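Presented below is the structure to which this report refers.
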Amino acid sequence: MLGFLLIMKAEIIRGWIITRRYWFRTLTGLIIGYGMLMILIAGFFYSQPAIEKGINQFEDPTRATNYILGFIIGLFAFGVIGMFTQGIQGMAQTGILEQLCMSPYGLVTNFLARAVVASVSTIFYSALMVYMVVVSVGGKLHFDPIPVVVLLTLSFINLLGFGFLVGGLVLVFKQVGQLTILVRMALFALAIFAREEFLQQGWLISAFMHALPITDASICLKYVLVKGQLTNSGQFVSVFLHPSFYWLGASCVFWTFIGITLFKIMENYSRYKGTLGIY
Amino acid sequence: MQSKQLNNSINDYTVYLDNVSKTFRTYHFFHKDDVTDKRRILTKKEACAADHVTFGIKTGEIMGLLGPNGAGKTTTVKMISTLVKPDSGTVFVDGMNVEKHRKEVLSRIGVVLEGTRTSIWPLTPLENLYYYGNLRNIRGKVLKERANQLLDFIGLKDKKDIEVRKLSRGQKQKLAICIALIADPKIILFDEPTTGLDVQSSRSIKDKIIELTRHYGRSVLVTTHDMHVAQELCDRIGIINKGKLITCKPTTELLDLFSKQIFSIRLDRNLVDNDLDHLAPKIQVLETILTADGPTITVQVPEPHAERSEAIYTLFETLRQKKYQIRSIQQKQVNLEYIFLQLTGEKPVFDETNLSEQEL
């Protein structure tokens, strides 16, 4: 535990120094991120099918907010998984990964601490972005702190588990890192479009959707932040009683166990192959 | 009996590799076979990086691992530092099996790997040391003091607040050494520490390595393909080629290995070709040089004392019978390059750069 906290501390200081030292890059990154997101959302709403249906969805702030939130959750998932995939590739190229591998705390603790720190800053930037974009389109978010914090934590653990799984593969097969962009894109899209209706398409599709690490997380977060925990009939039902919440919990246990186990196996295999820490 | 011997070796050495082997296997799809010139769906290639390697490093000793590129030097370092798992054999650090006590072993060793950036470039050297210190459970006042002491020791004190990306290659290498030393390890592994550095930086790093062992009692392993670095730095040298440890001896002993075997004899007149062949059956004539003072022949005599003595007697007797006058005799001191080429089975280029003279 002490090791985990020490690594977290080191990561926070490193991140803070770089953010502060390269403040111009940080600031322009935020502005460009906002601009890109607006363009992406605008492109999405004014896409061909939307035009054909003659719907200007910007006029429905609730629906717009729903998608915008999906975009942000998607970006969060994209970032967390990327920390494992592109992160490992980058660190392997710079030689930092070898140093992490030789840390007495082990690679899992190192990555866990790094991911927690990286996600805190991602959540901060994402929250800022959500606020800015939602205000831009005239929407409203129902911020209920306890469910939001619980859901974000569970979503993060879920993504971490999945990230460890993909990261384990990248440790051995560094070239897989490029392919994982497709996985990240799929999660990104799923976070945007995930709806409760998806889970009522027969047991096979339903089981597949539940198994994916972002489906239930996205549904729950949208249920709290966009719908304000109100059902279609307008009745208040806490998210903690929502079926997706339980699926999210189960998914957390499943992905964390599978992810960390596979990561350790792959780390060991990577040592055997002699590819640990190198690109 | 064998187990007792192993236990003694483990206790005698800080680092001990016991019969360690490692072969890397790679698979290639649709690879063109060099011999048949045909493509095969799946080709398996094997590269032996360590073939039953056994050696140890004592406390306060600089052990050198000398070998050409691809000989298995880096793999050996990585096996000690737990980055690579051996196929067979065991690596012991401080008496502990590295596979079973990975965490404890990693807190005892510092590694400077070749060609890696290691340090985080947007940070300063001091910030880098704080960062890596935390990763190795060094914190608070101890970390601050040690980081400053190390920068002072290595000569980077005046650069401690400059971003690493602005430092020279030699300075970055010095920082990599500080990072390896931040947890105050007993054992330090250097993989090609002076490669690509200018003479001044190289000298400075070599001095620091010597200081680490002589003054601070660290055990050091240095891998290099540079004979001069090995000769200058190491107390003991292991020569490795194609994964095999050909020899492992104290540097002075290794340098003596062929020194007593090579003689240079200046004569009054040229040798007749026929005479060369019949000088002595066990003597190998390495070269004949014509100088203004007369021709000089360089010969190699056999290694065992009795045979060497006999061969020298025969040589001089033959020269006397053929009425040659001996003007001078010199014993030649060979350098590590000559020894390395001899031991790896490559024919040494015999010139004055790998010989020094000792007048008899």
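Labels used: A, B, ... for chains in the order of the structure tokens, numbers from 1 for residues in each chain, and numbers from 1 for ligands as shown.
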Handout entry: Expected answer as a list in words: chain B residues within 7 Å of chain A, only C-alpha atoms
Key =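 Result: Phe24, Leu83, Val84, Lys85, Lys103, Leu106, Ser107, Thr116, Arg117, Thr118, Pro122, Tyr131, Asn134, Leu135, Arg136 and Asn137 of chain B.
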Practice task
Would you please work out which residue, of A:Val253, A:Val183, A:Ile265, A:Ile260, is nearest to Thr109 in chain A when using only C-alpha atoms?
Solution key: A:Ile260
Practice task
Would you list the contacts of Gly167 in chain A as a ChimeraX atom specification, taking every protein, DNA or RNA residue within 10 Å and counting only C-alpha atoms, but skipping same-chain residues closer than 3 positions in sequence?
Solution key: /A:81-89,111,160-164,170-174,176-177,180,259-260,262-263,266-267
Using the selection just defined, write its residues with C-alpha atoms as a JSON list (two decimals), in the first residue's frame.
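For reference, out32.json as written:
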```json
[["chain", "number", "residue", "atom", "x", "y", "z"],
["A", 81, "ILE", "CA", -7.22, 2.12, -22.14],
["A", 82, "GLY", "CA", -4.75, 4.28, -24.06],
["A", 83, "MET", "CA", -2.73, 4.75, -20.89],
["A", 84, "PHE", "CA", -2.10, 1.02, -20.97],
["A", 85, "THR", "CA", -1.64, 0.51, -24.69],
["A", 86, "GLN", "CA", -0.02, 3.63, -26.11],
["A", 87, "GLY", "CA", 1.46, 4.31, -22.68],
["A", 88, "ILE", "CA", 3.30, 1.00, -22.61],
["A", 89, "GLN", "CA", 4.51, 1.48, -26.17],
["A", 111, "PHE", "CA", 0.52, 0.81, -13.51],
["A", 160, "LEU", "CA", -8.72, -0.57, -15.43],
["A", 161, "GLY", "CA", -9.39, -4.31, -15.47],
["A", 162, "PHE", "CA", -9.97, -4.22, -19.21],
["A", 163, "GLY", "CA", -6.91, -1.97, -19.60],
["A", 164, "PHE", "CA", -4.73, -4.50, -17.76],
["A", 170, "VAL", "CA", 0.89, -5.11, -25.52],
["A", 171, "LEU", "CA", 3.67, -6.08, -23.09],
["A", 172, "VAL", "CA", 4.38, -9.17, -25.17],
["A", 173, "PHE", "CA", 3.19, -8.08, -28.60],
["A", 174, "LYS", "CA", 4.12, -4.42, -28.82],
["A", 176, "VAL", "CA", -0.79, -4.96, -30.91],
["A", 177, "GLY", "CA", -0.76, -1.42, -29.53],
["A", 180, "THR", "CA", -6.00, -1.58, -29.83],
["A", 259, "GLY", "CA", -7.28, -8.27, -16.42],
["A", 260, "ILE", "CA", -4.78, -8.48, -13.57],
["A", 262, "LEU", "CA", -3.70, -12.05, -17.59],
["A", 263, "PHE", "CA", -1.39, -9.07, -17.12],
["A", 266, "MET", "CA", 1.85, -11.90, -19.85],
["A", 267, "GLU", "CA", 4.47, -10.10, -17.75]]
```
Handout entry: Shell around Ile41 in chain B at 9 Å using only C-alpha atoms, local window under 6 positions removed, as a list in words
Key = His28, Phe29, Phe30 and His31 of chain B
With C-alpha atoms retained, could you export that selection as a JSON list (two decimals), in the first residue's frame?
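Output saved as part36.json:
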```json
[["chain", "number", "residue", "atom", "x", "y", "z"],
["B", 28, "HIS", "CA", 8.71, -15.68, -39.00],
["B", 29, "PHE", "CA", 5.85, -16.01, -41.45],
["B", 30, "PHE", "CA", 6.57, -16.41, -45.17],
["B", 31, "HIS", "CA", 10.27, -16.05, -44.55]]
```
Problem - range 59-76 of chain B environment, 8 Å, only C-alpha atoms, sequence neighbours closer than 2 positions dropped, as an NGL selection string - result: :B and (13-14 or 48-50 or 57 or 78-80 or 84 or 191 or 210 or 213-214 or 216-227 or 230 or 233-244)
Exercise for the section: Fewer than 5 positions away in the same chain doesn't count, so skip those; otherwise give me all residues within 12 Å of Ala292 in chain B, counting only C-alpha atoms, as JSON, numbers by chain. Expected result: {"B": [266, 267, 268, 269, 270]}
Practice task
May I have all residues of range 207-255 of chain A that DSSP, computed from the backbone, assigns to helix (DSSP H, G or I), given as a PyMOL selection string?
Solution key: chain A and resi 207-211+215-225+239-241+243-255
